[in-house]
$ cat my_file_13.pdb   # PDB, C-alpha atoms and all ligand atoms
ATOM      1  CA  MET A   1      62.835  80.052  13.537
ATOM      2  CA  SER A   2      61.124  77.226  15.346
ATOM      3  CA  THR A   3      60.023  77.127  18.973
ATOM      4  CA  ILE A   4      59.348  73.903  20.800
ATOM      5  CA  ALA A   5      57.617  73.722  24.184
ATOM      6  CA  LYS A   6      58.689  71.107  26.721
ATOM      7  CA  LYS A   7      57.526  70.369  30.231
ATOM      8  CA  ILE A   8      60.001  69.814  33.054
ATOM      9  CA  CYS A   9      59.284  69.252  36.760
ATOM     10  CA  LEU A  10      61.084  70.233  39.944
ATOM     11  CA  VAL A  11      60.863  67.350  42.377
ATOM     12  CA  GLY A  12      62.197  66.810  45.888
ATOM     13  CA  ASP A  13      61.417  66.978  49.574
ATOM     14  CA  PHE A  14      59.807  69.876  51.360
ATOM     15  CA  SER A  15      61.898  73.076  51.627
ATOM     16  CA  VAL A  16      64.945  71.914  49.652
ATOM     17  CA  GLY A  17      64.761  74.975  47.381
ATOM     18  CA  LYS A  18      62.658  73.930  44.367
ATOM     19  CA  THR A  19      60.702  77.188  44.226
ATOM     20  CA  SER A  20      63.858  79.241  44.881
ATOM     21  CA  LEU A  21      65.763  77.590  42.007
ATOM     22  CA  ILE A  22      62.915  78.411  39.621
ATOM     23  CA  ARG A  23      62.732  82.010  40.887
ATOM     24  CA  ARG A  24      66.466  82.442  40.433
ATOM     25  CA  PHE A  25      66.368  80.995  36.904
ATOM     26  CA  VAL A  26      63.197  82.726  35.693
ATOM     27  CA  ASP A  27      63.112  86.011  37.668
ATOM     28  CA  ARG A  28      66.844  86.319  38.607
ATOM     29  CA  GLN A  29      65.790  86.768  42.247
ATOM     30  CA  PHE A  30      66.183  85.132  45.634
ATOM     31  CA  SER A  31      64.296  85.603  48.872
ATOM     32  CA  ASP A  32      65.032  84.270  52.337
ATOM     33  CA  GLN A  33      61.393  84.384  53.193
ATOM     34  CA  TYR A  34      59.758  81.049  53.242
ATOM     35  CA  LEU A  35      56.575  80.740  51.209
ATOM     36  CA  SER A  36      55.552  77.153  50.772
ATOM     37  CA  THR A  37      54.136  76.246  47.414
ATOM     38  CA  VAL A  38      50.513  75.278  47.409
ATOM     39  CA  GLY A  39      49.452  72.941  44.649
ATOM     40  CA  VAL A  40      51.255  73.512  41.376
ATOM     41  CA  LYS A  41      52.757  76.586  39.780
ATOM     42  CA  ILE A  42      53.844  76.655  36.180
ATOM     43  CA  SER A  43      56.508  79.139  35.066
ATOM     44  CA  LYS A  44      57.533  79.717  31.493
ATOM     45  CA  LYS A  45      60.941  80.623  30.205
ATOM     46  CA  LEU A  46      62.057  80.999  26.631
ATOM     47  CA  ILE A  47      65.614  79.845  26.167
ATOM     48  CA  GLU A  48      67.923  79.812  23.176
ATOM     49  CA  LEU A  49      70.102  76.826  22.558
ATOM     50  CA  GLU A  50      73.141  77.080  20.353
ATOM     51  CA  GLY A  51      75.090  74.689  18.229
ATOM     52  CA  ILE A  52      72.297  72.275  17.597
ATOM     53  CA  LYS A  53      72.288  70.578  14.207
ATOM     54  CA  ASP A  54      72.762  73.526  11.852
ATOM     55  CA  THR A  55      74.094  76.835  13.076
ATOM     56  CA  GLU A  56      70.630  78.314  13.526
ATOM     57  CA  LYS A  57      69.677  79.059  17.096
ATOM     58  CA  LEU A  58      66.793  77.079  18.422
ATOM     59  CA  LYS A  59      64.248  78.615  20.716
ATOM     60  CA  MET A  60      62.692  76.464  23.363
ATOM     61  CA  GLN A  61      59.813  77.308  25.659
ATOM     62  CA  LEU A  62      60.394  75.599  28.987
ATOM     63  CA  LEU A  63      57.259  74.947  31.006
ATOM     64  CA  ILE A  64      58.612  74.566  34.513
ATOM     65  CA  TRP A  65      56.275  72.819  36.944
ATOM     66  CA  ASP A  66      56.842  73.558  40.598
ATOM     67  CA  LEU A  67      55.199  70.773  42.583
ATOM     68  CA  GLU A  68      54.015  71.240  46.127
ATOM     69  CA  GLY A  69      56.488  70.366  48.893
ATOM     70  CA  HIS A  70      56.305  66.715  49.771
ATOM     71  CA  THR A  71      56.510  65.066  53.138
ATOM     72  CA  LYS A  72      56.363  61.475  54.236
ATOM     73  CA  PHE A  73      52.643  61.861  54.509
ATOM     74  CA  LYS A  74      52.027  63.672  51.286
ATOM     75  CA  GLY A  75      53.600  62.216  48.169
ATOM     76  CA  ILE A  76      53.902  63.700  44.709
ATOM     77  CA  VAL A  77      50.642  63.731  42.798
ATOM     78  CA  PRO A  78      51.604  61.369  39.945
ATOM     79  CA  THR A  79      49.317  63.033  37.392
ATOM     80  CA  HIS A  80      51.321  66.264  37.812
ATOM     81  CA  LEU A  81      54.351  64.456  36.423
ATOM     82  CA  GLN A  82      52.605  63.227  33.295
ATOM     83  CA  GLY A  83      53.968  64.437  29.993
ATOM     84  CA  ALA A  84      57.248  65.748  31.402
ATOM     85  CA  SER A  85      60.349  65.451  29.250
ATOM     86  CA  GLY A  86      62.647  65.895  32.215
ATOM     87  CA  ALA A  87      63.032  66.613  35.904
ATOM     88  CA  ILE A  88      65.376  68.421  38.205
ATOM     89  CA  ILE A  89      65.395  66.425  41.411
ATOM     90  CA  VAL A  90      66.505  68.578  44.312
ATOM     91  CA  GLY A  91      68.082  67.787  47.684
ATOM     92  CA  ASP A  92      69.314  70.098  50.452
ATOM     93  CA  VAL A  93      72.980  69.563  51.369
ATOM     94  CA  THR A  94      72.298  70.635  54.956
ATOM     95  CA  ARG A  95      69.706  67.852  55.388
ATOM     96  CA  LEU A  96      71.218  64.551  54.365
ATOM     97  CA  ASP A  97      67.870  62.739  54.568
ATOM     98  CA  THR A  98      66.704  64.821  51.589
ATOM     99  CA  ILE A  99      69.778  63.691  49.617
ATOM    100  CA  ALA A 100      69.163  60.069  50.564
ATOM    101  CA  ARG A 101      65.680  60.320  49.089
ATOM    102  CA  LEU A 102      66.828  61.427  45.610
ATOM    103  CA  PRO A 103      66.671  57.832  44.233
ATOM    104  CA  GLU A 104      63.132  57.460  45.534
ATOM    105  CA  HIS A 105      62.011  60.611  43.717
ATOM    106  CA  LEU A 106      63.861  59.409  40.614
ATOM    107  CA  LYS A 107      61.949  56.147  40.675
ATOM    108  CA  THR A 108      58.625  57.938  41.025
ATOM    109  CA  PHE A 109      59.432  60.225  38.098
ATOM    110  CA  LEU A 110      60.671  57.426  35.826
ATOM    111  CA  THR A 111      57.652  55.252  36.561
ATOM    112  CA  ILE A 112      55.527  57.940  34.924
ATOM    113  CA  ASN A 113      58.086  59.103  32.326
ATOM    114  CA  PRO A 114      60.460  56.211  31.547
ATOM    115  CA  LYS A 115      62.030  58.149  28.644
ATOM    116  CA  GLY A 116      62.574  61.312  30.680
ATOM    117  CA  PHE A 117      65.965  62.802  31.572
ATOM    118  CA  VAL A 118      66.964  63.841  35.080
ATOM    119  CA  ILE A 119      69.454  66.153  36.761
ATOM    120  CA  PHE A 120      70.240  65.950  40.463
ATOM    121  CA  ALA A 121      70.629  69.372  42.115
ATOM    122  CA  LEU A 122      72.387  69.349  45.492
ATOM    123  CA  ASN A 123      71.103  72.718  46.593
ATOM    124  CA  LYS A 124      72.105  75.261  49.287
ATOM    125  CA  SER A 125      75.780  74.695  48.483
ATOM    126  CA  ASP A 126      76.476  78.165  49.936
ATOM    127  CA  LEU A 127      75.779  76.837  53.435
ATOM    128  CA  ILE A 128      78.505  74.185  53.755
ATOM    129  CA  SER A 129      82.264  73.912  53.222
ATOM    130  CA  GLU A 130      83.886  72.786  49.968
ATOM    131  CA  GLU A 131      85.144  69.633  51.680
ATOM    132  CA  LYS A 132      81.725  68.592  52.890
ATOM    133  CA  LEU A 133      80.249  69.386  49.516
ATOM    134  CA  ALA A 134      82.831  67.222  47.763
ATOM    135  CA  LYS A 135      81.880  64.268  49.948
ATOM    136  CA  ILE A 136      78.141  64.689  49.543
ATOM    137  CA  SER A 137      78.356  65.086  45.783
ATOM    138  CA  GLN A 138      79.861  61.615  45.343
ATOM    139  CA  ILE A 139      76.595  60.066  44.341
ATOM    140  CA  GLU A 140      76.313  56.731  42.577
ATOM    141  CA  GLU A 141      75.284  56.751  38.919
ATOM    142  CA  PHE A 142      71.725  56.074  37.910
ATOM    143  CA  ASP A 143      70.197  55.331  34.538
ATOM    144  CA  ARG A 144      68.602  58.476  32.962
ATOM    145  CA  VAL A 145      70.448  60.841  35.349
ATOM    146  CA  ILE A 146      72.608  62.923  33.034
ATOM    147  CA  ALA A 147      74.435  65.013  35.647
ATOM    148  CA  THR A 148      74.698  66.040  39.282
ATOM    149  CA  TYR A 149      75.375  69.680  40.192
ATOM    150  CA  SER A 150      75.906  71.505  43.471
ATOM    151  CA  THR A 151      73.653  74.527  43.202
ATOM    152  CA  SER A 152      72.760  77.613  45.199
ATOM    153  CA  ALA A 153      69.565  79.510  44.523
ATOM    154  CA  LYS A 154      71.039  82.175  46.831
ATOM    155  CA  THR A 155      74.289  82.886  44.965
ATOM    156  CA  GLY A 156      73.047  81.591  41.612
ATOM    157  CA  ALA A 157      75.801  78.970  41.382
ATOM    158  CA  PHE A 158      75.063  76.398  38.636
ATOM    159  CA  VAL A 159      71.402  77.392  38.446
ATOM    160  CA  ASP A 160      71.374  78.300  34.733
ATOM    161  CA  GLU A 161      73.475  75.204  34.074
ATOM    162  CA  ILE A 162      70.944  72.697  35.455
ATOM    163  CA  PHE A 163      68.100  74.081  33.349
ATOM    164  CA  GLU A 164      70.178  74.551  30.200
ATOM    165  CA  LYS A 165      71.845  71.158  30.411
ATOM    166  CA  LEU A 166      68.482  69.448  30.841
ATOM    167  CA  ALA A 167      66.961  71.441  27.966
ATOM    168  CA  SER A 168      69.811  70.562  25.582
ATOM    169  CA  LYS A 169      69.552  66.888  26.423
ATOM    170  CA  ILE A 170      65.794  66.913  25.815
ATOM    171  CA  ILE A 171      66.293  68.577  22.418
ATOM    172  CA  GLN A 172      69.267  66.463  21.424
ATOM    173  CA  PRO A 173      69.150  63.089  23.211
ATOM    174  CA  GLU A 174      71.680  61.515  20.717
TER     175      GLU A 174
HETATM  176  P1  LIG B   1      60.740  74.263  48.307
HETATM  177  O1  LIG B   1      59.795  73.845  49.380
HETATM  178  O2  LIG B   1      61.553  73.085  47.827
HETATM  179  O3  LIG B   1      60.085  74.982  47.163
HETATM  180  O4  LIG B   1      61.809  75.265  48.969
HETATM  181  P2  LIG B   1      61.900  76.874  48.883
HETATM  182  O5  LIG B   1      62.389  77.303  47.545
HETATM  183  O6  LIG B   1      60.620  77.450  49.332
HETATM  184  O7  LIG B   1      63.076  77.168  49.929
HETATM  185  C1  LIG B   1      62.983  76.804  51.285
HETATM  186  C2  LIG B   1      63.863  77.715  52.118
HETATM  187  O8  LIG B   1      65.234  77.517  51.807
HETATM  188  C3  LIG B   1      63.585  79.206  51.895
HETATM  189  O9  LIG B   1      63.706  79.885  53.128
HETATM  190  C4  LIG B   1      64.699  79.643  50.951
HETATM  191  O10 LIG B   1      65.020  80.997  51.102
HETATM  192  C5  LIG B   1      65.838  78.728  51.377
HETATM  193  N1  LIG B   1      66.747  78.407  50.275
HETATM  194  C6  LIG B   1      66.417  77.881  49.067
HETATM  195  N2  LIG B   1      67.505  77.692  48.301
HETATM  196  C7  LIG B   1      68.562  78.111  49.025
HETATM  197  C8  LIG B   1      69.986  78.188  48.766
HETATM  198  O11 LIG B   1      70.511  77.796  47.726
HETATM  199  N3  LIG B   1      70.771  78.691  49.786
HETATM  200  C9  LIG B   1      70.242  79.111  50.970
HETATM  201  N4  LIG B   1      71.089  79.581  51.884
HETATM  202  N5  LIG B   1      68.912  79.044  51.239
HETATM  203  C10 LIG B   1      68.088  78.562  50.282
HETATM  204 MG    MG B   2      58.070  75.350  46.870
END

$ encode --input "my_file_13.pdb" --output "structure tokens" --more "lines below"
Ligand code: GDP
Ligand code: MG
Amino acid sequence: MSTIAKKICLVGDFSVGKTSLIRRFVDRQFSDQYLSTVGVKISKKLIELEGIKDTEKLKMQLLIWDLEGHTKFKGIVPTHLQGASGAIIVGDVTRLDTIARLPEHLKTFLTINPKGFVIFALNKSDLISEEKLAKISQIEEFDRVIATYSTSAKTGAFVDEIFEKLASKIIQPE
């Protein structure tokens, strides 16, 4: 059985939930305590993808890069994005400015990795009503963005989906 390792990055404004989404996916945990990420942290998770090519399961080692929270004054360090096959670009549905900046983060990522795939995660969906969420999630389509999900690192909603969908697309771009 073959194992392939691929790098993906979590990108987005400060405090949108990048670290929490990784913790939920990798450690199955959530904490309300705020610990800002300093520098870069790399988490590994072995996932199994089904139904690819033959019936054999394929194992994939995801190297998940958690990049330090960004502010207006402190951008993403471009070298941290190098060599990534994909990105999950995260916004916080309770702070619309962080949603408005998704295209900016997308541009930064694609400048470094033009062949990369991207998923938009509209995070903290547990904090607003269904109606509001429906409005916010009507986001225009962008090249290389394969899907947009409303996620919650708190409840776990659509957390596995964002990572698994991105991983499958990286393995099988068609
Ligand atoms: P980062 O700076 O993007 O890595 O953000 P963090 O993962 O550190 O999260 C920032 C804050 O938002 C923390 O207090 C988290 O507990 C909280 N948080 C993250 N995701 C969610 C979520 O889906 N729902 C709720 N209610 N809070 C969240
Ligand atoms: Mg963080």

$ closest_atom_pairs --input "my_file_13.pdb" --of "chain A" --to "ligand LIG 1 (chain B)" --cutoff "7 Å" --atoms "only C-alpha atoms and all ligand atoms" --output "tab-separated table"
residue	atom	partner	partner_atom	distance
A:Gly12	CA	B:LIG1	O2	6.6
A:Asp13	CA	B:LIG1	O2	6.4
A:Phe14	CA	B:LIG1	O1	4.4
A:Ser15	CA	B:LIG1	O1	3.2
A:Val16	CA	B:LIG1	O2	4.0
A:Gly17	CA	B:LIG1	O5	3.3
A:Lys18	CA	B:LIG1	O2	3.7
A:Thr19	CA	B:LIG1	O3	3.7
A:Ser20	CA	B:LIG1	O5	3.6
A:Leu21	CA	B:LIG1	O5	6.5
A:Phe30	CA	B:LIG1	O10	7.0
A:Ser31	CA	B:LIG1	O10	5.2
A:Asp32	CA	B:LIG1	O10	3.5
A:Gln33	CA	B:LIG1	O9	5.1
A:Tyr34	CA	B:LIG1	O9	4.1
A:Leu35	CA	B:LIG1	O6	5.5
A:Ser36	CA	B:LIG1	O6	5.3
A:Thr37	CA	B:LIG1	O3	6.1
A:Gly69	CA	B:LIG1	O1	4.8
A:Asn123	CA	B:LIG1	O11	5.2
A:Lys124	CA	B:LIG1	O11	3.4
A:Ser125	CA	B:LIG1	O11	6.2
A:Asp126	CA	B:LIG1	N3	5.7
A:Leu127	CA	B:LIG1	N4	5.7
A:Thr151	CA	B:LIG1	O11	6.4
A:Ser152	CA	B:LIG1	O11	3.4
A:Ala153	CA	B:LIG1	O11	3.8
A:Lys154	CA	B:LIG1	O11	4.5
A:Thr155	CA	B:LIG1	O11	6.9

$ atom_distance --input "my_file_13.pdb" --atom1 "atom CA of A:Asp66" --atom2 "atom CA of A:Leu10"
5.4 Å

$ resolve_selection --input "my_file_13.pdb" --expression "the PyMOL selection byres (((chain A and resi 80) around 10) and not hetatm)" --output "PyMOL selection string"
chain A and resi 9+39-40+65-67+76-79+81-84+112

$ atom_distance --input "my_file_13.pdb" --atom1 "atom CA of A:Ile64" --atom2 "atom CA of A:Lys7"
6.1 Å

$ atom_distance --input "my_file_13.pdb" --atom1 "atom CA of A:Arg95" --atom2 "atom CA of A:Thr148"
17.0 Å

$ closest_residue --input "my_file_13.pdb" --among "A:Ser85, A:Glu68, A:Phe25, A:Leu58" --to "ligand MG 2 (chain B)" --atoms "only C-alpha atoms and all ligand atoms"
A:Glu68

$ closest_residue --input "my_file_13.pdb" --among "A:Ser150, A:Ser168, A:Thr94, A:Thr3" --to "A:Gln138" --atoms "only C-alpha atoms"
A:Ser150

$ build_atoms --input "my_file_13.pdb" --residues "stretch 116-139 of chain A" --atoms "N, CA, C and O atoms" --output "PDB file, keeping the file's coordinate frame"
ATOM      1  N   GLY A 116      62.177  59.977  30.244  1.00  0.00           N
ATOM      2  CA  GLY A 116      62.574  61.312  30.680  1.00  0.00           C
ATOM      3  C   GLY A 116      64.047  61.373  31.101  1.00  0.00           C
ATOM      4  O   GLY A 116      64.656  60.354  31.410  1.00  0.00           O
ATOM      5  N   PHE A 117      64.595  62.587  31.097  1.00  0.00           N
ATOM      6  CA  PHE A 117      65.965  62.802  31.572  1.00  0.00           C
ATOM      7  C   PHE A 117      65.932  63.545  32.896  1.00  0.00           C
ATOM      8  O   PHE A 117      65.024  64.328  33.153  1.00  0.00           O
ATOM      9  N   VAL A 118      66.968  63.283  33.725  1.00  0.00           N
ATOM     10  CA  VAL A 118      66.964  63.841  35.080  1.00  0.00           C
ATOM     11  C   VAL A 118      68.313  64.457  35.417  1.00  0.00           C
ATOM     12  O   VAL A 118      69.369  63.960  35.014  1.00  0.00           O
ATOM     13  N   ILE A 119      68.250  65.557  36.171  1.00  0.00           N
ATOM     14  CA  ILE A 119      69.454  66.153  36.761  1.00  0.00           C
ATOM     15  C   ILE A 119      69.245  66.194  38.267  1.00  0.00           C
ATOM     16  O   ILE A 119      68.167  66.531  38.745  1.00  0.00           O
ATOM     17  N   PHE A 120      70.283  65.808  39.009  1.00  0.00           N
ATOM     18  CA  PHE A 120      70.240  65.950  40.463  1.00  0.00           C
ATOM     19  C   PHE A 120      70.837  67.309  40.834  1.00  0.00           C
ATOM     20  O   PHE A 120      71.957  67.641  40.408  1.00  0.00           O
ATOM     21  N   ALA A 121      70.107  68.095  41.620  1.00  0.00           N
ATOM     22  CA  ALA A 121      70.629  69.372  42.115  1.00  0.00           C
ATOM     23  C   ALA A 121      70.823  69.262  43.627  1.00  0.00           C
ATOM     24  O   ALA A 121      69.867  69.049  44.370  1.00  0.00           O
ATOM     25  N   LEU A 122      72.078  69.371  44.053  1.00  0.00           N
ATOM     26  CA  LEU A 122      72.387  69.349  45.492  1.00  0.00           C
ATOM     27  C   LEU A 122      72.416  70.815  45.907  1.00  0.00           C
ATOM     28  O   LEU A 122      73.429  71.500  45.734  1.00  0.00           O
ATOM     29  N   ASN A 123      71.303  71.274  46.423  1.00  0.00           N
ATOM     30  CA  ASN A 123      71.103  72.718  46.593  1.00  0.00           C
ATOM     31  C   ASN A 123      71.521  73.217  47.988  1.00  0.00           C
ATOM     32  O   ASN A 123      71.714  72.437  48.911  1.00  0.00           O
ATOM     33  N   LYS A 124      71.641  74.529  48.095  1.00  0.00           N
ATOM     34  CA  LYS A 124      72.105  75.261  49.287  1.00  0.00           C
ATOM     35  C   LYS A 124      73.603  75.041  49.513  1.00  0.00           C
ATOM     36  O   LYS A 124      74.073  74.980  50.645  1.00  0.00           O
ATOM     37  N   SER A 125      74.334  74.926  48.412  1.00  0.00           N
ATOM     38  CA  SER A 125      75.780  74.695  48.483  1.00  0.00           C
ATOM     39  C   SER A 125      76.502  75.848  49.176  1.00  0.00           C
ATOM     40  O   SER A 125      77.625  75.690  49.646  1.00  0.00           O
ATOM     41  N   ASP A 126      75.862  77.012  49.250  1.00  0.00           N
ATOM     42  CA  ASP A 126      76.476  78.165  49.936  1.00  0.00           C
ATOM     43  C   ASP A 126      76.549  77.975  51.447  1.00  0.00           C
ATOM     44  O   ASP A 126      77.262  78.719  52.131  1.00  0.00           O
ATOM     45  N   LEU A 127      75.848  76.986  51.973  1.00  0.00           N
ATOM     46  CA  LEU A 127      75.779  76.837  53.435  1.00  0.00           C
ATOM     47  C   LEU A 127      76.802  75.866  54.031  1.00  0.00           C
ATOM     48  O   LEU A 127      76.917  75.766  55.246  1.00  0.00           O
ATOM     49  N   ILE A 128      77.527  75.128  53.199  1.00  0.00           N
ATOM     50  CA  ILE A 128      78.505  74.185  53.755  1.00  0.00           C
ATOM     51  C   ILE A 128      79.875  74.350  53.099  1.00  0.00           C
ATOM     52  O   ILE A 128      80.000  74.996  52.064  1.00  0.00           O
ATOM     53  N   SER A 129      80.894  73.748  53.719  1.00  0.00           N
ATOM     54  CA  SER A 129      82.264  73.912  53.222  1.00  0.00           C
ATOM     55  C   SER A 129      82.476  73.101  51.941  1.00  0.00           C
ATOM     56  O   SER A 129      81.746  72.151  51.666  1.00  0.00           O
ATOM     57  N   GLU A 130      83.513  73.483  51.201  1.00  0.00           N
ATOM     58  CA  GLU A 130      83.886  72.786  49.968  1.00  0.00           C
ATOM     59  C   GLU A 130      84.137  71.304  50.230  1.00  0.00           C
ATOM     60  O   GLU A 130      83.779  70.445  49.427  1.00  0.00           O
ATOM     61  N   GLU A 131      84.781  71.031  51.362  1.00  0.00           N
ATOM     62  CA  GLU A 131      85.144  69.633  51.680  1.00  0.00           C
ATOM     63  C   GLU A 131      83.895  68.785  51.879  1.00  0.00           C
ATOM     64  O   GLU A 131      83.791  67.681  51.358  1.00  0.00           O
ATOM     65  N   LYS A 132      82.965  69.329  52.653  1.00  0.00           N
ATOM     66  CA  LYS A 132      81.725  68.592  52.890  1.00  0.00           C
ATOM     67  C   LYS A 132      80.970  68.380  51.588  1.00  0.00           C
ATOM     68  O   LYS A 132      80.432  67.305  51.335  1.00  0.00           O
ATOM     69  N   LEU A 133      80.964  69.440  50.788  1.00  0.00           N
ATOM     70  CA  LEU A 133      80.249  69.386  49.516  1.00  0.00           C
ATOM     71  C   LEU A 133      80.831  68.301  48.611  1.00  0.00           C
ATOM     72  O   LEU A 133      80.099  67.542  47.968  1.00  0.00           O
ATOM     73  N   ALA A 134      82.156  68.217  48.601  1.00  0.00           N
ATOM     74  CA  ALA A 134      82.831  67.222  47.763  1.00  0.00           C
ATOM     75  C   ALA A 134      82.413  65.816  48.163  1.00  0.00           C
ATOM     76  O   ALA A 134      82.193  64.944  47.323  1.00  0.00           O
ATOM     77  N   LYS A 135      82.294  65.595  49.460  1.00  0.00           N
ATOM     78  CA  LYS A 135      81.880  64.268  49.948  1.00  0.00           C
ATOM     79  C   LYS A 135      80.444  63.947  49.550  1.00  0.00           C
ATOM     80  O   LYS A 135      80.149  62.864  49.051  1.00  0.00           O
ATOM     81  N   ILE A 136      79.571  64.916  49.802  1.00  0.00           N
ATOM     82  CA  ILE A 136      78.141  64.689  49.543  1.00  0.00           C
ATOM     83  C   ILE A 136      77.865  64.471  48.054  1.00  0.00           C
ATOM     84  O   ILE A 136      77.013  63.681  47.682  1.00  0.00           O
ATOM     85  N   SER A 137      78.652  65.162  47.213  1.00  0.00           N
ATOM     86  CA  SER A 137      78.356  65.086  45.783  1.00  0.00           C
ATOM     87  C   SER A 137      78.846  63.794  45.124  1.00  0.00           C
ATOM     88  O   SER A 137      78.646  63.589  43.932  1.00  0.00           O
ATOM     89  N   GLN A 138      79.491  62.925  45.904  1.00  0.00           N
ATOM     90  CA  GLN A 138      79.861  61.615  45.343  1.00  0.00           C
ATOM     91  C   GLN A 138      78.652  60.683  45.400  1.00  0.00           C
ATOM     92  O   GLN A 138      78.497  59.885  46.302  1.00  0.00           O
ATOM     93  N   ILE A 139      77.840  60.826  44.394  1.00  0.00           N
ATOM     94  CA  ILE A 139      76.595  60.066  44.341  1.00  0.00           C
ATOM     95  C   ILE A 139      76.723  58.995  43.277  1.00  0.00           C
ATOM     96  O   ILE A 139      77.326  59.232  42.233  1.00  0.00           O
TER      97      ILE A 139
END
